file coords-v6.csv (CSV, C-alpha atoms)
chain,number,residue,atom,x,y,z
A,15,MET,CA,0.0,0.0,0.0
A,16,ASN,CA,1.3,3.4,-0.9
A,17,THR,CA,2.2,5.4,2.2
A,18,LYS,CA,4.2,8.1,0.5
A,19,ILE,CA,3.6,11.5,2.0
A,20,THR,CA,2.4,14.0,-0.7
A,21,ALA,CA,2.6,17.8,-0.5
A,22,LYS,CA,-1.1,17.9,0.1
A,23,ASP,CA,-0.9,15.5,3.0
A,24,PHE,CA,2.0,17.4,4.6
A,25,PHE,CA,0.3,20.8,4.4
A,26,THR,CA,-3.1,19.6,5.5
A,27,HIS,CA,-1.7,17.8,8.6
A,28,ILE,CA,0.6,20.7,9.5
A,29,SER,CA,-2.3,23.2,9.0
A,30,ILE,CA,-4.4,21.2,11.5
A,31,PHE,CA,-2.0,21.7,14.3
A,32,ILE,CA,-1.1,25.3,13.4
A,33,LEU,CA,-4.9,26.1,13.6
A,34,LEU,CA,-5.2,24.1,16.8
A,35,TYR,CA,-2.4,25.9,18.6
A,36,SER,CA,-3.6,29.3,17.3
A,37,GLY,CA,-7.1,28.6,18.6
A,38,VAL,CA,-5.9,27.4,22.0
A,39,VAL,CA,-3.7,30.5,22.4
A,40,ALA,CA,-6.6,32.8,21.4
A,41,VAL,CA,-9.0,31.2,23.8
A,42,LEU,CA,-6.6,31.4,26.7
A,43,ASN,CA,-5.8,35.0,25.7
A,44,ILE,CA,-9.5,36.0,25.9
A,45,LEU,CA,-10.1,34.3,29.2
A,46,PHE,CA,-6.9,35.6,30.8
A,47,ARG,CA,-7.7,39.2,29.7
A,48,ALA,CA,-11.3,38.9,31.0
A,49,ILE,CA,-10.0,37.6,34.3
A,50,ASN,CA,-7.4,40.4,34.6
A,51,VAL,CA,-10.2,42.9,34.2
A,52,ALA,CA,-12.8,41.2,36.4
A,53,TYR,CA,-10.2,40.5,39.2
A,54,PRO,CA,-7.4,43.1,38.9
A,55,GLN,CA,-4.3,42.7,41.0
A,56,VAL,CA,-4.1,44.7,44.2
A,57,SER,CA,-1.0,46.5,42.9
A,58,GLN,CA,-2.9,47.9,39.9
A,59,TYR,CA,-3.6,51.6,39.9
A,60,GLY,CA,-6.7,53.5,38.9
A,61,TYR,CA,-6.8,52.0,35.4
A,62,THR,CA,-6.5,48.4,34.3
A,63,TYR,CA,-4.7,48.3,31.0
A,64,THR,CA,-5.9,45.8,28.5
A,65,SER,CA,-5.5,45.7,24.7
A,66,GLY,CA,-9.0,44.3,24.4
A,67,ILE,CA,-10.0,41.0,22.9
A,68,SER,CA,-10.6,42.0,19.3
A,69,PHE,CA,-7.6,40.2,17.9
A,70,PRO,CA,-8.0,36.9,19.7
A,71,VAL,CA,-11.8,36.9,18.9
A,72,ALA,CA,-11.0,37.6,15.3
A,73,THR,CA,-8.5,34.8,15.3
A,74,LEU,CA,-11.0,32.4,16.8
A,75,VAL,CA,-13.7,33.4,14.3
A,76,VAL,CA,-11.4,32.5,11.4
A,77,VAL,CA,-9.3,29.6,12.9
A,78,PHE,CA,-12.0,27.5,14.6
A,79,PRO,CA,-14.2,26.9,11.5
A,80,LEU,CA,-11.0,26.3,9.4
A,81,TYR,CA,-9.8,23.7,12.0
A,82,LEU,CA,-13.2,21.9,11.8
A,83,PHE,CA,-13.2,22.0,8.0
A,84,VAL,CA,-9.6,20.7,7.6
A,85,THR,CA,-10.0,18.0,10.3
A,86,ASN,CA,-13.3,16.9,8.6
A,87,PHE,CA,-11.5,16.8,5.2
A,88,VAL,CA,-8.6,14.8,6.6
A,89,ARG,CA,-11.1,12.4,8.3
A,90,LYS,CA,-12.7,11.7,4.9
A,91,GLU,CA,-9.2,11.0,3.5
A,92,TYR,CA,-8.7,8.4,6.3
A,93,VAL,CA,-11.9,6.6,5.3
A,94,ASN,CA,-10.7,6.4,1.6
A,95,MET,CA,-7.1,5.6,2.6
A,96,PRO,CA,-6.8,4.2,6.1
A,97,SER,CA,-3.0,4.0,5.8
A,98,LEU,CA,-2.9,7.8,6.1
A,99,LYS,CA,-3.5,7.5,9.8
A,100,ASP,CA,-0.1,5.8,10.2
A,101,TYR,CA,1.9,8.6,8.5
A,102,PRO,CA,4.9,9.5,10.8
A,103,LEU,CA,4.1,13.2,10.4
A,104,ARG,CA,0.5,12.8,11.8
A,105,LYS,CA,1.7,10.5,14.6
A,106,GLY,CA,4.6,12.8,15.5
A,107,MET,CA,2.4,15.9,15.6
A,108,ILE,CA,-0.2,14.1,17.8
A,109,TYR,CA,2.5,12.8,20.2
A,110,LEU,CA,4.0,16.3,20.3
A,111,THR,CA,0.6,17.8,21.1
A,112,VAL,CA,-0.1,15.3,23.8
A,113,PHE,CA,3.3,15.9,25.3
A,114,MET,CA,2.9,19.6,25.3
A,115,ALA,CA,-0.6,19.5,26.7
A,116,GLY,CA,0.5,17.1,29.5
A,117,ALA,CA,3.5,19.3,30.3
A,118,VAL,CA,1.3,22.4,30.5
A,119,LEU,CA,-1.2,20.7,32.8
A,120,ALA,CA,1.6,19.3,35.0
A,121,GLY,CA,3.2,22.8,35.2
A,122,ASP,CA,-0.2,24.3,36.0
A,123,LEU,CA,-0.8,21.9,38.9
A,124,ILE,CA,2.8,22.4,40.2
A,125,THR,CA,2.3,26.1,40.2
A,126,LEU,CA,-1.0,25.8,42.1
A,127,LEU,CA,0.6,23.4,44.7
A,128,TYR,CA,3.6,25.6,45.0
A,129,TYR,CA,1.5,28.7,45.8
A,130,PHE,CA,-0.4,26.7,48.4
A,131,LEU,CA,2.6,25.2,50.1
A,132,ASP,CA,4.5,28.5,50.0
A,133,GLY,CA,1.7,30.2,51.9
A,134,ARG,CA,0.9,32.6,49.1
A,135,GLU,CA,-2.5,34.1,48.6
A,136,LEU,CA,-4.6,32.1,46.1
A,137,THR,CA,-6.6,34.9,44.6
A,138,ILE,CA,-9.8,34.3,42.7
A,139,GLY,CA,-8.2,35.6,39.5
A,140,PHE,CA,-5.3,33.1,39.9
A,141,ILE,CA,-7.6,30.2,40.6
A,142,LEU,CA,-9.7,31.1,37.6
A,143,LYS,CA,-6.7,31.1,35.3
A,144,ILE,CA,-5.7,27.7,36.6
A,145,ILE,CA,-9.2,26.4,35.9
A,146,ALA,CA,-9.1,27.9,32.4
A,147,VAL,CA,-5.9,26.2,31.5
A,148,LEU,CA,-7.1,22.9,33.0
A,149,VAL,CA,-10.3,23.0,30.9
A,150,VAL,CA,-8.8,24.2,27.6
A,151,ILE,CA,-5.6,22.2,27.6
A,152,GLY,CA,-7.3,19.2,29.3
A,153,SER,CA,-9.8,19.1,26.4
A,154,VAL,CA,-7.1,19.1,23.8
A,155,LEU,CA,-5.3,16.3,25.7
A,156,GLY,CA,-8.4,14.2,26.0
A,157,TYR,CA,-9.3,14.5,22.3
A,158,TYR,CA,-5.9,13.6,21.0
A,159,LEU,CA,-5.5,10.7,23.5
A,160,ASP,CA,-8.8,9.4,22.1
A,161,ASP,CA,-7.3,9.8,18.6
A,162,LEU,CA,-4.1,8.0,19.5
A,163,LYS,CA,-6.1,5.1,21.0
A,164,ASP,CA,-8.5,5.1,17.9
A,165,ARG,CA,-11.5,5.7,20.1
A,166,LEU,CA,-13.0,8.6,18.0
A,167,THR,CA,-16.2,7.1,16.9
A,168,GLY,CA,-18.8,9.3,15.2
A,169,THR,CA,-20.6,9.9,18.5
A,170,ARG,CA,-17.5,10.5,20.5
A,171,ARG,CA,-16.2,12.9,17.8
A,172,ASN,CA,-19.4,14.9,17.9
A,173,ILE,CA,-19.2,15.1,21.7
A,174,TRP,CA,-15.7,16.6,21.4
A,175,ARG,CA,-16.9,19.0,18.7
A,176,ALA,CA,-19.7,20.2,21.1
A,177,VAL,CA,-17.1,20.6,23.9
A,178,ALA,CA,-14.9,22.7,21.6
A,179,LEU,CA,-17.9,24.8,20.5
A,180,VAL,CA,-18.9,25.5,24.1
A,181,ILE,CA,-15.3,26.5,25.0
A,182,VAL,CA,-14.9,28.8,22.0
A,183,LEU,CA,-18.3,30.5,22.2
A,184,GLY,CA,-18.2,30.6,26.0
A,185,SER,CA,-14.8,32.3,26.0
A,186,ILE,CA,-16.0,34.9,23.5
A,187,ILE,CA,-19.2,35.6,25.5
A,188,VAL,CA,-17.3,35.8,28.8
A,189,GLY,CA,-14.7,38.1,27.2
A,190,PHE,CA,-17.3,40.6,25.8
A,191,SER,CA,-19.5,40.5,28.9
A,192,VAL,CA,-16.5,41.4,31.1
A,193,ILE,CA,-14.3,43.6,28.9
A,194,GLY,CA,-17.2,45.1,26.8
A,195,SER,CA,-18.4,45.1,23.3
A,196,PRO,CA,-16.3,46.4,20.4
A,197,TRP,CA,-18.1,49.8,20.7
A,198,SER,CA,-17.4,49.9,24.5
A,199,GLN,CA,-13.8,49.0,23.9
A,200,ARG,CA,-13.5,51.8,21.3
A,201,ALA,CA,-15.0,54.3,23.9
A,202,MET,CA,-12.4,53.1,26.5
A,203,ARG,CA,-9.6,53.6,24.0
A,204,TYR,CA,-10.8,57.1,23.4
A,205,ASP,CA,-10.8,57.7,27.1
A,206,ALA,CA,-7.3,56.3,27.4
A,207,GLN,CA,-6.1,58.6,24.6
A,208,LYS,CA,-7.7,61.6,26.4
A,209,VAL,CA,-5.9,60.8,29.6
A,210,SER,CA,-2.6,60.5,27.7
A,211,ASP,CA,-3.2,63.8,25.9
A,212,LEU,CA,-4.0,65.6,29.3
A,213,GLN,CA,-0.8,64.1,30.8
A,214,GLY,CA,1.2,65.4,27.9
A,215,ILE,CA,-0.4,68.9,28.1
A,216,GLN,CA,0.3,68.9,31.9
A,217,TYR,CA,3.9,68.2,31.2
A,218,GLN,CA,4.1,71.0,28.7
A,219,VAL,CA,2.4,73.5,31.1
A,220,THR,CA,4.9,72.7,33.9
A,221,ASN,CA,7.8,72.9,31.5
A,222,TYR,CA,6.5,76.3,30.3
A,223,TYR,CA,6.2,77.5,33.9
A,224,GLN,CA,9.7,76.2,34.8
A,225,THR,CA,11.1,78.2,31.9
A,226,LYS,CA,9.2,81.4,32.3
A,227,GLN,CA,8.0,81.2,35.9
A,228,VAL,CA,4.4,82.0,34.8
A,229,LEU,CA,1.6,79.8,33.7
A,230,PRO,CA,0.5,80.1,30.0
A,231,GLN,CA,-2.8,82.0,29.6
A,232,SER,CA,-4.0,79.6,26.9
A,233,LEU,CA,-2.9,76.3,25.4
A,234,ASP,CA,-2.0,78.1,22.2
A,235,GLN,CA,1.1,79.4,24.0
A,236,LEU,CA,2.4,75.8,24.3
A,237,ALA,CA,2.5,75.2,20.6
A,238,ASP,CA,6.1,75.2,19.4
A,239,PRO,CA,6.9,74.2,15.8
A,240,ILE,CA,10.7,74.3,16.6
A,241,ARG,CA,10.3,71.5,19.2
A,242,GLY,CA,7.7,69.9,17.0
A,243,TYR,CA,5.0,70.1,19.7
A,244,ASN,CA,1.4,70.3,18.4
A,245,LEU,CA,-1.5,70.6,20.7
A,246,PRO,CA,-3.6,67.4,20.8
A,247,VAL,CA,-7.4,67.5,20.4
A,248,ASP,CA,-10.2,65.3,21.6
A,249,PRO,CA,-10.0,62.2,19.4
A,250,GLN,CA,-13.8,61.8,19.4
A,251,THR,CA,-15.0,65.4,18.8
A,252,GLY,CA,-11.9,67.0,17.3
A,253,GLU,CA,-12.3,69.9,19.8
A,254,SER,CA,-9.5,71.4,21.9
A,255,TYR,CA,-9.2,70.3,25.5
A,256,THR,CA,-10.3,72.9,28.1
A,257,TYR,CA,-7.6,74.7,30.0
A,258,LYS,CA,-8.1,77.3,32.7
A,259,VAL,CA,-5.8,79.3,35.0
A,260,ASN,CA,-7.2,79.6,38.5
A,261,SER,CA,-4.3,81.3,40.2
A,262,PRO,CA,-0.6,82.1,39.5
A,263,LEU,CA,0.2,78.5,40.4
A,264,THR,CA,-3.0,76.6,39.8
A,265,PHE,CA,-4.6,75.4,36.5
A,266,GLU,CA,-7.3,73.0,35.3
A,267,LEU,CA,-7.4,70.6,32.5
A,268,CYS,CA,-10.8,69.2,31.4
A,269,ALA,CA,-12.0,66.5,29.0
A,270,ASP,CA,-15.3,64.7,28.2
A,271,PHE,CA,-15.1,61.0,29.0
A,272,SER,CA,-17.3,58.2,27.7
A,273,ARG,CA,-17.0,56.0,30.8
A,274,ALA,CA,-16.0,56.2,34.5
A,275,SER,CA,-12.5,54.8,35.2
A,276,ILE,CA,-12.0,51.8,37.4
A,277,GLY,CA,-12.3,52.5,41.1
A,278,VAL,CA,-15.1,55.0,40.3
A,279,SER,CA,-18.5,53.3,40.8
A,280,GLY,CA,-16.8,50.0,40.1
A,281,SER,CA,-16.2,50.8,36.5
A,282,LYS,CA,-13.3,49.6,34.4
A,283,SER,CA,-11.3,51.4,31.8
A,284,ILE,CA,-8.1,51.2,29.9
A,285,ALA,CA,-4.8,52.6,31.3
A,286,SER,CA,-3.1,55.4,29.6
A,287,PRO,CA,0.0,54.1,27.8
A,288,MET,CA,1.9,57.2,29.0
A,289,TYR,CA,2.9,57.3,32.7
A,290,PRO,CA,0.8,54.4,33.8
A,291,GLU,CA,2.2,54.7,37.4
A,292,SER,CA,0.4,58.0,37.8
A,293,SER,CA,-3.0,56.8,36.5
A,294,LYS,CA,-4.6,57.0,39.9
A,295,ASP,CA,-4.3,60.8,39.6
A,296,TRP,CA,-6.5,60.7,36.5
A,297,GLU,CA,-9.5,58.8,37.8
A,298,HIS,CA,-12.7,60.3,36.4
A,299,GLU,CA,-16.4,60.0,36.2
A,300,GLU,CA,-18.3,59.7,33.0
A,301,GLY,CA,-18.8,63.0,31.3
A,302,VAL,CA,-16.8,66.3,31.6
A,303,GLN,CA,-14.1,65.9,34.2
A,304,CYS,CA,-11.6,68.6,35.3
A,305,PHE,CA,-8.3,68.0,37.0
A,306,THR,CA,-6.9,70.7,39.1
A,307,ARG,CA,-3.1,70.9,39.4
A,308,THR,CA,-1.0,73.2,41.6
A,309,ILE,CA,2.6,73.8,40.8
A,310,ASP,CA,5.1,73.8,43.7
A,311,PRO,CA,7.8,76.4,42.8
A,312,ASP,CA,10.4,74.6,44.9
A,313,LEU,CA,10.0,71.5,42.6
A,314,TYR,CA,10.0,73.6,39.4
A,315,PRO,CA,12.6,76.3,39.9
A,316,LYS,CA,13.8,78.3,37.0
A,317,PRO,CA,16.8,76.6,35.3
A,318,ILE,CA,20.2,78.2,36.0
A,319,LYS,CA,21.8,79.7,33.0
A,320,PHE,CA,25.5,79.3,32.6
A,321,LEU,CA,27.5,81.9,30.7

call {"tool": "encode", "arguments": {"input": "coords-v6.csv", "output": "structure tokens"}}
result
Amino acid sequence: MNTKITAKDFFTHISIFILLYSGVVAVLNILFRAINVAYPQVSQYGYTYTSGISFPVATLVVVFPLYLFVTNFVRKEYVNMPSLKDYPLRKGMIYLTVFMAGAVLAGDLITLLYYFLDGRELTIGFILKIIAVLVVIGSVLGYYLDDLKDRLTGTRRNIWRAVALVIVLGSIIVGFSVIGSPWSQRAMRYDAQKVSDLQGIQYQVTNYYQTKQVLPQSLDQLADPIRGYNLPVDPQTGESYTYKVNSPLTFELCADFSRASIGVSGSKSIASPMYPESSKDWEHEEGVQCFTRTIDPDLYPKPIKFL
């Protein structure tokens, strides 16, 4: 019987496992990000940074149907040519997958046991991540162990398909319910950009004061084509941010936010990519929020000029 591996056989078998690994990573990525938002670490500040789940969800939407299609195509090939199941490439990839899944599960359990024996706090977020890995990787391990032992009957294969569908759809639903819809995530990104813009303006104002020992009367005074600094505007409306001088040393910066930041009414938002360690100083409610800043002259003295 001809058991020569053709180019078609090679690429179909390789593609199955590439799609499988991509899908597993995407599922865990969604679940981990949702857990990080739902149960932020104690050390996190006023914002919880997350890049959202758009990319892993998009990956799943494309990868999962392709995985089902290719595996079904290969299964039909096995019916027509049973010797295909003994190809070294297929066997090797299955053994590699089983080995990797077993190693991940063992590492997961070792980590859990280590945290327990070391007296560390087992937070809800940490335990949920352990459970997520056990369920997802355990399902992969169970399926391919059945495949190795040739126990994948039609009924058993359909059961595993149902399990995979529940995991994939469940992770997407959990991700969107915790992190928010694409529209909600877009609003949070706008808010993150607004915080970043205000932080940049604040830096320019303090720099202006340190140089001239007086606050600028308007934001237009900060624009400097020589340094290449252009005033940012609200990314949603295109309007300028509000700036007001309250006293010789005090000023306000205002922006209109779509959502309240985390820590305010239990809401969650995305951290500003600039100066994340100071995010707590930029907590805000939904709507127009003003931040009052007072300059300490001792901290911002006029630079000494050397002749």

call {"tool": "closest_residue", "arguments": {"input": "coords-v6.csv", "among": "A:Ile215, A:Ser68, A:Phe113, A:Phe305", "to": "A:Arg200", "atoms": "all atoms listed in the file"}}
result
A:Ser68

call {"tool": "atom_distance", "arguments": {"input": "coords-v6.csv", "atom1": "atom CA of A:Lys90", "atom2": "atom CA of A:Val38"}}
result
24.2 Å

call {"tool": "closest_residue", "arguments": {"input": "coords-v6.csv", "among": "A:Thr20, A:Asn43, A:Thr264, A:Ser153", "to": "A:Thr111", "atoms": "only C-alpha atoms"}}
result
A:Ser153

call {"tool": "residues_around", "arguments": {"input": "coords-v6.csv", "residues": "stretch 135-142 of chain A", "least_positions_apart": "5", "cutoff": "12 Å", "atoms": "all atoms listed in the file", "output": "JSON, numbers by chain"}}
result
{"A": [42, 45, 46, 47, 48, 49, 50, 51, 52, 53, 54, 55, 56, 122, 123, 125, 126, 127, 128, 129, 130, 147, 148, 149]}

call {"tool": "atom_distance", "arguments": {"input": "coords-v6.csv", "atom1": "atom CA of A:Arg171", "atom2": "atom CA of A:Val84"}}
result
14.4 Å

call {"tool": "closest_residue", "arguments": {"input": "coords-v6.csv", "among": "A:Ile309, A:Ile240, A:Pro249, A:Gln224", "to": "A:Ser261", "atoms": "only C-alpha atoms"}}
result
A:Ile309

call {"tool": "atom_distance", "arguments": {"input": "coords-v6.csv", "atom1": "atom CA of A:Val209", "atom2": "atom CA of A:Pro70"}}
result
26.0 Å

call {"tool": "residues_around", "arguments": {"input": "coords-v6.csv", "residues": "A:Gly156", "least_positions_apart": "5", "cutoff": "9 Å", "atoms": "only C-alpha atoms", "output": "list of chain:residue names"}}
result
A:Val112, A:Ile151, A:Asp161, A:Trp174
